[in-house]
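**Student:** Take a look at the following structure, please.
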Amino acid sequence: MNCILFEDRAVSQMYPIVLARPAYGITCGGFRLAELVSQAFQACRGVVRHHLGALQAQNQPQLHETPLADDQPTLLLNARLVPRVRTLAALQSWIASGQPGIVQHEGQLVAALLPAGHRVPSAKVTYDEFLAFAEALQPGAKLPARDEAFEVFQYAHDVVRFNEEIIHENLEFRLKQGAYREIRDGLFAAGEISLGENVVIDASHGPILVEEGASIGPFCFLRGPAYLGRNVKVIEHSAIKDAVSLGHTTKIGGEVEATIIEPYSNKQHHGFLGHSYLGSWINLGAGTSNSDLKNTYGTVNMEYPSGRVATNMQFVGSIFGDYSKTAINTGIFTGKTIGVCSMLYGFVTTNVASFVNYARLFGQVTELPPEVMISTQQRMFQRRSVEQTPADIQLIHDMYLLTQEERQLTGEPLVF
């Protein structure tokens, strides 16, 4: 069985969290779609936007280089598919039936099972050429429409919503698949971890899974369901609770609730972070807090480049793109998006564009040139013993160009 994970044109609606990563690399419920799919299919290829091709080749070589067999059926999967274990089981059941077909959502291709011998674009095909192929697939005699509904992310806030919804079943799946041992009631560890004294565990609503190399300081409170990746460091007197997914090599302090934090990000000091998504290589300064509930207790509306979107969610915090930073005591209002490679100071009352110094409290929003972020990236990487490559540097340049227009649409004067 071949598998192709592809990004479609609607992936841009998931701004800003897809600027620096493919949609299949978004963590939700303790899993990434690429991780789930790679467990099920040996031959799997990724088709991503132009500016992410080199990054995929560097970080996911198995998705970039794996050849596909001509004599095997091929499963096409939209990279915005929610990484729910139940969905993977439904896909495997479909494949076992051997019945070709197609699943769409609002006219967008979500999944298609092509029979052996069906034409599949080669690995050398461009992103646009593959999209033309995928968009030409329509329900018909050879690919009948299937009466199935597979959930997909439409906007960035959907990741926060689905994280709460699927994390329990996903963690139960991890428990069955992995070599975890129960070291406290409801606390499961894989490999050696460090657990400080007087740590309080509440697993009444779901388990807490901790990967090898993680450390949890004394006087911490952990309430499940929660997932702590490899080498996570939880600082003393921290509270981790209610659907938290922490990527590997993150440092966490203060209070974190119902939030996803991707690898290499730091929220090391006191402050509240709730119902939020943080990309990678983010640092929140001491005292940084966000609001995740309006004073009216009403549902939150989000502003995206495509327009205003009703989330129908009462709790929505902050959505951070990769590489952004906050100064000490930064306060972020409800439901704000933070672009990539930006620096935040004071109160954040509006969405923040990419590549800016945002200090509206002091009457200033200034543009950050990519060279500054490349130097910052190099220093961050060195602190984590990560090598900065030409692909990493090029990504900064590409993201700067891709977000050029939004800096002119923020309504803020840019000072150069």
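Residue numbers start at 1 in each chain; chains themselves are named A, B, ... in the order of the structure tokens; ligands are numbered from 1 in the order shown.
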Env of Asp292 in chain A: 10 Å cut, atoms = only C-alpha atoms, seq-sep filter 2 positions within chain, self excluded. Answer as a list of chain:residue names.

**Tutor:**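 Skipping anything fewer than 2 positions along the chain leaves A:Glu257, A:Phe272, A:Leu273, A:Gly274, A:His275, A:Ser276, A:Ser289, A:Asn290, A:Lys294, A:Asn295, A:Val300, A:Gln314, A:Phe315, A:Val316, A:Gly317, A:Ser318, A:Ile332, A:Phe333, A:Thr334, A:Gly335, A:Lys336.
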
**Student:** What is the distance, in Å and to one decimal place, between CA of His237 in chain A and CA of Arg384 in chain A?

**Tutor:**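 CA of Arg384 in chain A lies at a distance of 24.2 Å from CA of His237 in chain A.
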
**Student:** Got a sec: who's within 9 Å of range 206-223 of chain A, counting only C-alpha atoms, leaving out chain neighbours fewer than 3 positions off, as a VMD selection string?

**Tutor:** chain A and resid 167 to 168 171 to 172 174 to 175 180 185 to 203 226 to 243 248 to 249

**Student:** Dump N, CA and C atoms for the selected residues as a tab-separated table (two decimals), in the first residue's frame?

**Tutor:**
chain	number	residue	atom	x	y	z
A	167	ILE	N	-7.63	13.91	22.69
A	167	ILE	CA	-6.42	13.54	23.41
A	167	ILE	C	-6.61	12.28	24.25
A	168	HIS	N	-7.79	12.08	24.82
A	168	HIS	CA	-7.98	10.91	25.69
A	168	HIS	C	-7.84	9.62	24.88
A	171	LEU	N	-4.20	9.06	23.71
A	171	LEU	CA	-3.27	8.62	24.76
A	171	LEU	C	-3.53	7.17	25.14
A	172	GLU	N	-4.77	6.74	25.13
A	172	GLU	CA	-5.06	5.34	25.39
A	172	GLU	C	-4.41	4.46	24.32
A	174	ARG	N	-1.65	5.25	22.66
A	174	ARG	CA	-0.20	5.26	22.97
A	174	ARG	C	0.12	4.26	24.07
A	175	LEU	N	-0.73	4.21	25.08
A	175	LEU	CA	-0.49	3.28	26.18
A	175	LEU	C	-0.46	1.84	25.70
A	180	TYR	N	5.17	1.61	28.37
A	180	TYR	CA	5.02	2.51	29.51
A	180	TYR	C	4.85	1.71	30.80
A	185	ASP	N	-0.36	6.41	40.36
A	185	ASP	CA	-1.71	6.18	39.85
A	185	ASP	C	-2.01	7.15	38.70
A	186	GLY	N	-2.13	6.58	37.50
A	186	GLY	CA	-2.46	7.39	36.33
A	186	GLY	C	-1.31	8.08	35.66
A	187	LEU	N	-0.09	7.94	36.21
A	187	LEU	CA	1.11	8.55	35.63
A	187	LEU	C	1.97	7.45	35.02
A	188	PHE	N	2.15	7.50	33.69
A	188	PHE	CA	2.86	6.45	32.96
A	188	PHE	C	4.13	7.02	32.34
A	189	ALA	N	5.23	6.32	32.51
A	189	ALA	CA	6.51	6.80	32.00
A	189	ALA	C	7.11	5.78	31.04
A	190	ALA	N	7.73	6.28	29.99
A	190	ALA	CA	8.47	5.44	29.05
A	190	ALA	C	9.95	5.75	29.25
A	191	GLY	N	10.72	4.77	29.72
A	191	GLY	CA	12.13	5.01	30.02
A	191	GLY	C	12.31	5.74	31.33
A	192	GLU	N	13.50	6.27	31.52
A	192	GLU	CA	13.84	6.94	32.77
A	192	GLU	C	13.40	8.40	32.75
A	193	ILE	N	12.72	8.81	33.82
A	193	ILE	CA	12.34	10.21	33.98
A	193	ILE	C	12.74	10.65	35.39
A	194	SER	N	12.72	11.95	35.61
A	194	SER	CA	13.00	12.50	36.93
A	194	SER	C	11.73	13.09	37.50
A	195	LEU	N	11.35	12.64	38.68
A	195	LEU	CA	10.12	13.10	39.32
A	195	LEU	C	10.45	13.68	40.68
A	196	GLY	N	10.21	14.97	40.86
A	196	GLY	CA	10.54	15.64	42.11
A	196	GLY	C	9.59	15.24	43.24
A	197	GLU	N	9.90	15.73	44.42
A	197	GLU	CA	9.08	15.43	45.58
A	197	GLU	C	7.80	16.25	45.58
A	198	ASN	N	6.78	15.70	46.25
A	198	ASN	CA	5.51	16.40	46.46
A	198	ASN	C	4.81	16.79	45.16
A	199	VAL	N	4.92	15.93	44.16
A	199	VAL	CA	4.19	16.14	42.91
A	199	VAL	C	2.79	15.54	43.08
A	200	VAL	N	1.76	16.30	42.73
A	200	VAL	CA	0.38	15.86	42.86
A	200	VAL	C	-0.14	15.43	41.50
A	201	ILE	N	-0.71	14.24	41.42
A	201	ILE	CA	-1.22	13.68	40.16
A	201	ILE	C	-2.74	13.52	40.27
A	202	ASP	N	-3.46	14.02	39.27
A	202	ASP	CA	-4.91	13.82	39.17
A	202	ASP	C	-5.21	13.21	37.80
A	203	ALA	N	-5.44	11.92	37.77
A	203	ALA	CA	-5.74	11.22	36.51
A	203	ALA	C	-7.20	10.81	36.43
A	226	ALA	N	-2.83	14.33	29.66
A	226	ALA	CA	-1.68	15.17	29.29
A	226	ALA	C	-0.59	14.29	28.68
A	227	TYR	N	0.15	14.88	27.77
A	227	TYR	CA	1.27	14.18	27.12
A	227	TYR	C	2.52	15.05	27.21
A	228	LEU	N	3.59	14.51	27.79
A	228	LEU	CA	4.87	15.20	27.94
A	228	LEU	C	5.91	14.45	27.11
A	229	GLY	N	6.43	15.08	26.07
A	229	GLY	CA	7.36	14.44	25.17
A	229	GLY	C	8.75	14.26	25.76
A	230	ARG	N	9.65	13.73	24.94
A	230	ARG	CA	11.03	13.48	25.37
A	230	ARG	C	11.70	14.77	25.85
A	231	ASN	N	12.43	14.62	26.95
A	231	ASN	CA	13.29	15.68	27.47
A	231	ASN	C	12.52	16.97	27.82
A	232	VAL	N	11.24	16.84	28.08
A	232	VAL	CA	10.48	17.98	28.59
A	232	VAL	C	10.95	18.30	30.01
A	233	LYS	N	11.07	19.57	30.31
A	233	LYS	CA	11.44	19.99	31.66
A	233	LYS	C	10.32	20.83	32.24
A	234	VAL	N	9.68	20.34	33.29
A	234	VAL	CA	8.62	21.07	33.98
A	234	VAL	C	9.22	21.66	35.25
A	235	ILE	N	9.19	22.98	35.35
A	235	ILE	CA	9.81	23.69	36.46
A	235	ILE	C	8.97	23.51	37.74
A	236	GLU	N	9.63	23.64	38.88
A	236	GLU	CA	8.94	23.50	40.18
A	236	GLU	C	7.74	24.44	40.28
A	237	HIS	N	6.74	24.01	41.05
A	237	HIS	CA	5.52	24.78	41.31
A	237	HIS	C	4.69	25.05	40.04
A	238	SER	N	4.80	24.17	39.05
A	238	SER	CA	4.03	24.35	37.83
A	238	SER	C	2.72	23.58	37.90
A	239	ALA	N	1.76	24.00	37.07
A	239	ALA	CA	0.47	23.31	36.96
A	239	ALA	C	0.24	22.98	35.49
A	240	ILE	N	0.17	21.70	35.18
A	240	ILE	CA	-0.08	21.21	33.82
A	240	ILE	C	-1.41	20.47	33.87
A	241	LYS	N	-2.41	20.95	33.11
A	241	LYS	CA	-3.73	20.36	33.35
A	241	LYS	C	-4.64	20.41	32.13
A	242	ASP	N	-5.48	19.38	32.04
A	242	ASP	CA	-6.64	19.36	31.14
A	242	ASP	C	-6.26	19.48	29.67
A	243	ALA	N	-5.76	18.38	29.11
A	243	ALA	CA	-5.49	18.31	27.67
A	243	ALA	C	-4.31	19.18	27.25
A	248	HIS	N	8.76	17.52	22.39
A	248	HIS	CA	10.05	17.21	23.01
A	248	HIS	C	10.89	18.48	23.20
A	249	THR	N	11.74	18.44	24.21
A	249	THR	CA	12.72	19.49	24.50
A	249	THR	C	12.04	20.84	24.71

**Student:** Please report the interatomic distance between CA of Thr250 in chain A and CA of Gly271 in chain A in Å with one decimal.

**Tutor:**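 We find that CA of Thr250 in chain A and CA of Gly271 in chain A lie 16.0 Å from each other.
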
**Student:** Between A:Gln382, A:Thr27, A:Ser12, A:Thr87, which residue has the minimum interatomic distance to Arg49 in chain A, considering only C-alpha atoms?

**Tutor:**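 Among the listed residues, A:Ser12 lies closest to Arg49 in chain A.
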
**Student:** As number ranges by chain, please: all residues of range 2-166 of chain A that backbone DSSP puts in strand (DSSP E or B).

**Tutor:** A: 2-6, 27-28, 31-32, 43-47, 74-78, 81, 101-105, 108-114, 145, 152

**Student:** Check the smallest atom-to-atom distance from each of A:Gln108, A:Ser385, A:Gln60, A:Gln99 to Arg146 in chain A using only C-alpha atoms, then report the winner.

**Tutor:**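 When distances to Arg146 in chain A are compared using only C-alpha atoms, the smallest one comes from A:Gln99.
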
**Student:** Pick out the residues sitting within 9 Å of range 340-354 of chain A, and hand them over as a short mmCIF file (atom, residue, chain, number, x, y, z; two decimals) with N, CA, C and O atoms, in the first residue's frame; count only C-alpha atoms, and ignore anything fewer than 6 positions along from it in its own chain.

**Tutor:**
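That gives us selection_31.cif:
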data_model
loop_
_atom_site.label_atom_id
_atom_site.label_comp_id
_atom_site.auth_asym_id
_atom_site.auth_seq_id
_atom_site.Cartn_x
_atom_site.Cartn_y
_atom_site.Cartn_z
N PRO A 16 -1.39 31.23 11.44
CA PRO A 16 0.02 31.30 11.07
C PRO A 16 0.81 30.02 11.37
O PRO A 16 2.01 30.00 11.22
N ILE A 17 0.13 28.96 11.79
CA ILE A 17 0.86 27.80 12.31
C ILE A 17 1.41 26.90 11.22
O ILE A 17 2.17 25.97 11.51
N LEU A 19 3.07 28.24 8.46
CA LEU A 19 4.10 28.94 7.71
C LEU A 19 5.44 28.21 7.78
O LEU A 19 6.17 28.15 6.80
N ALA A 20 5.75 27.63 8.93
CA ALA A 20 7.06 27.02 9.13
C ALA A 20 7.00 25.50 9.22
O ALA A 20 8.02 24.87 9.50
N GLY A 279 3.92 27.29 18.34
CA GLY A 279 4.81 26.60 17.42
C GLY A 279 6.15 26.32 18.07
O GLY A 279 6.30 26.40 19.29
N ILE A 282 9.73 29.09 20.28
CA ILE A 282 9.08 30.26 20.89
C ILE A 282 9.60 30.42 22.32
O ILE A 282 9.89 29.43 22.99
N GLU A 303 -9.94 36.70 13.86
CA GLU A 303 -9.65 37.44 12.64
C GLU A 303 -8.47 36.77 11.94
O GLU A 303 -7.38 36.67 12.50
N TYR A 304 -8.70 36.30 10.72
CA TYR A 304 -7.66 35.69 9.91
C TYR A 304 -7.50 36.51 8.63
O TYR A 304 -8.35 37.35 8.31
N PHE A 320 0.26 30.96 18.18
CA PHE A 320 1.59 31.46 17.87
C PHE A 320 2.21 30.72 16.69
O PHE A 320 2.30 29.48 16.69
N GLY A 321 2.69 31.47 15.70
CA GLY A 321 3.56 30.89 14.69
C GLY A 321 4.96 30.71 15.26
O GLY A 321 5.30 31.24 16.32
N ASP A 322 5.80 29.96 14.56
CA ASP A 322 7.14 29.61 15.05
C ASP A 322 8.03 30.85 15.20
O ASP A 322 7.84 31.87 14.55
N TYR A 323 9.01 30.73 16.10
CA TYR A 323 10.12 31.68 16.28
C TYR A 323 9.72 33.01 16.94
O TYR A 323 10.56 33.90 17.04
N SER A 324 8.50 33.17 17.40
CA SER A 324 8.13 34.45 18.02
C SER A 324 8.48 34.45 19.51
O SER A 324 8.61 33.39 20.13
N LYS A 325 8.58 35.66 20.09
CA LYS A 325 9.03 35.82 21.47
C LYS A 325 8.19 36.88 22.16
O LYS A 325 7.70 37.82 21.53
N THR A 326 8.06 36.76 23.49
CA THR A 326 7.42 37.82 24.26
C THR A 326 8.37 38.34 25.33
O THR A 326 9.20 37.59 25.85
N ALA A 327 8.25 39.62 25.64
CA ALA A 327 9.02 40.22 26.72
C ALA A 327 8.34 39.92 28.05
O ALA A 327 7.23 39.37 28.10
N ILE A 328 8.99 40.30 29.15
CA ILE A 328 8.41 40.05 30.47
C ILE A 328 7.08 40.78 30.60
O ILE A 328 6.88 41.87 30.06
N ASN A 329 6.16 40.13 31.32
CA ASN A 329 4.86 40.72 31.66
C ASN A 329 4.02 41.10 30.43
O ASN A 329 3.21 42.03 30.50
N THR A 330 4.22 40.38 29.34
CA THR A 330 3.36 40.61 28.17
C THR A 330 1.97 40.04 28.45
O THR A 330 1.84 38.92 28.96
N GLY A 331 0.94 40.80 28.11
CA GLY A 331 -0.44 40.35 28.29
C GLY A 331 -1.14 40.24 26.94
O GLY A 331 -1.20 41.22 26.19
N ILE A 332 -1.65 39.06 26.62
CA ILE A 332 -2.23 38.81 25.30
C ILE A 332 -3.74 38.63 25.44
O ILE A 332 -4.20 37.78 26.19
N PHE A 333 -4.49 39.41 24.70
CA PHE A 333 -5.95 39.36 24.78
C PHE A 333 -6.48 38.08 24.15
O PHE A 333 -5.77 37.35 23.47
N THR A 334 -7.76 37.83 24.35
CA THR A 334 -8.41 36.60 23.93
C THR A 334 -8.38 36.43 22.41
O THR A 334 -8.65 37.37 21.66
N ARG A 360 2.61 48.21 20.62
CA ARG A 360 1.56 49.21 20.48
C ARG A 360 1.37 50.02 21.76
O ARG A 360 0.97 51.18 21.71
N LEU A 361 1.67 49.40 22.90
CA LEU A 361 1.56 50.12 24.17
C LEU A 361 2.46 51.36 24.16
O LEU A 361 2.15 52.37 24.79
N PHE A 362 3.57 51.27 23.43
CA PHE A 362 4.52 52.37 23.36
C PHE A 362 4.41 53.11 22.03
O PHE A 362 5.28 53.91 21.67
N GLU A 367 9.28 46.85 11.70
CA GLU A 367 9.56 45.64 10.95
C GLU A 367 10.89 45.02 11.39
O GLU A 367 11.86 45.73 11.66
N LEU A 368 10.92 43.69 11.45
CA LEU A 368 12.14 42.95 11.77
C LEU A 368 12.71 42.36 10.49
O LEU A 368 12.05 41.54 9.84
N PRO A 370 14.81 39.88 8.03
CA PRO A 370 15.10 38.46 8.18
C PRO A 370 16.49 38.17 8.72
O PRO A 370 16.70 37.16 9.40
N MET A 373 16.43 37.69 12.41
CA MET A 373 15.87 36.41 12.84
C MET A 373 16.80 35.25 12.51
O MET A 373 16.83 34.25 13.24
N ILE A 396 13.57 31.13 6.70
CA ILE A 396 13.35 32.48 7.25
C ILE A 396 13.14 33.47 6.11
O ILE A 396 12.20 34.28 6.14
N MET A 399 9.68 32.80 4.45
CA MET A 399 8.55 33.25 5.26
C MET A 399 8.44 34.77 5.26
O MET A 399 7.33 35.32 5.28
N TYR A 400 9.57 35.45 5.26
CA TYR A 400 9.56 36.91 5.21
C TYR A 400 8.87 37.40 3.93
O TYR A 400 8.02 38.31 3.97
N THR A 403 5.04 36.74 3.85
CA THR A 403 4.22 37.53 4.78
C THR A 403 4.39 39.04 4.57
O THR A 403 3.94 39.83 5.39
N GLN A 404 5.03 39.41 3.47
CA GLN A 404 5.30 40.82 3.23
C GLN A 404 4.02 41.65 3.18
O GLN A 404 3.93 42.73 3.77
N GLU A 406 1.08 41.12 4.56
CA GLU A 406 0.31 41.27 5.79
C GLU A 406 0.86 42.39 6.66
O GLU A 406 0.12 43.01 7.42
N ARG A 407 2.15 42.68 6.56
CA ARG A 407 2.72 43.77 7.36
C ARG A 407 2.21 45.13 6.89
O ARG A 407 2.25 46.09 7.65
N LEU A 409 -0.93 45.46 5.91
CA LEU A 409 -2.38 45.44 6.12
C LEU A 409 -2.77 45.48 7.59
O LEU A 409 -3.94 45.33 7.92
N THR A 410 -1.79 45.66 8.46
CA THR A 410 -2.10 45.60 9.89
C THR A 410 -2.72 46.88 10.42
O THR A 410 -3.21 46.93 11.54
#

**Student:** List as a ChimeraX atom specification the protein and nucleic acid residues near Ala141 in chain A, meaning an atom at most 12 Å away when only C-alpha atoms are counted, but skip any in the same chain fewer than 4 places from it.

**Tutor:** /A:99-102,137,145-146

**Student:** What is the distance between CA of Pro369 in chain A and CA of Asp392 in chain A, in Å to one decimal?

**Tutor:** 15.7 Å

**Student:** Give me the residues near Gln42 in chain A as a PDB file with N, CA and C atoms, in the first residue's frame, where near means some atom within 9 Å (using only C-alpha atoms) and where sequence neighbours in that chain fewer than 6 positions away do not count.

**Tutor:**
ATOM      1  N   MET A   1       0.842  -1.202   0.000  1.00  0.00           N
ATOM      2  CA  MET A   1       0.000   0.000   0.000  1.00  0.00           C
ATOM      3  C   MET A   1       0.875   1.248   0.000  1.00  0.00           C
ATOM      4  N   ASN A   2       0.645   2.126  -0.970  1.00  0.00           N
ATOM      5  CA  ASN A   2       1.297   3.424  -0.996  1.00  0.00           C
ATOM      6  C   ASN A   2       0.431   4.453  -0.268  1.00  0.00           C
ATOM      7  N   CYS A   3       1.076   5.483   0.239  1.00  0.00           N
ATOM      8  CA  CYS A   3       0.347   6.578   0.875  1.00  0.00           C
ATOM      9  C   CYS A   3       1.013   7.894   0.500  1.00  0.00           C
ATOM     10  N   THR A  66      11.022   8.232  -0.144  1.00  0.00           N
ATOM     11  CA  THR A  66      10.489   6.873  -0.258  1.00  0.00           C
ATOM     12  C   THR A  66       9.852   6.649  -1.628  1.00  0.00           C
TER      13      THR A  66
END

**Student:** Pick the closest to Tyr24 in chain A from A:Glu135, A:Pro121, A:Phe153, A:Leu91: which is it, counting only C-alpha atoms?

**Tutor:**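 Closest candidate: A:Phe153.
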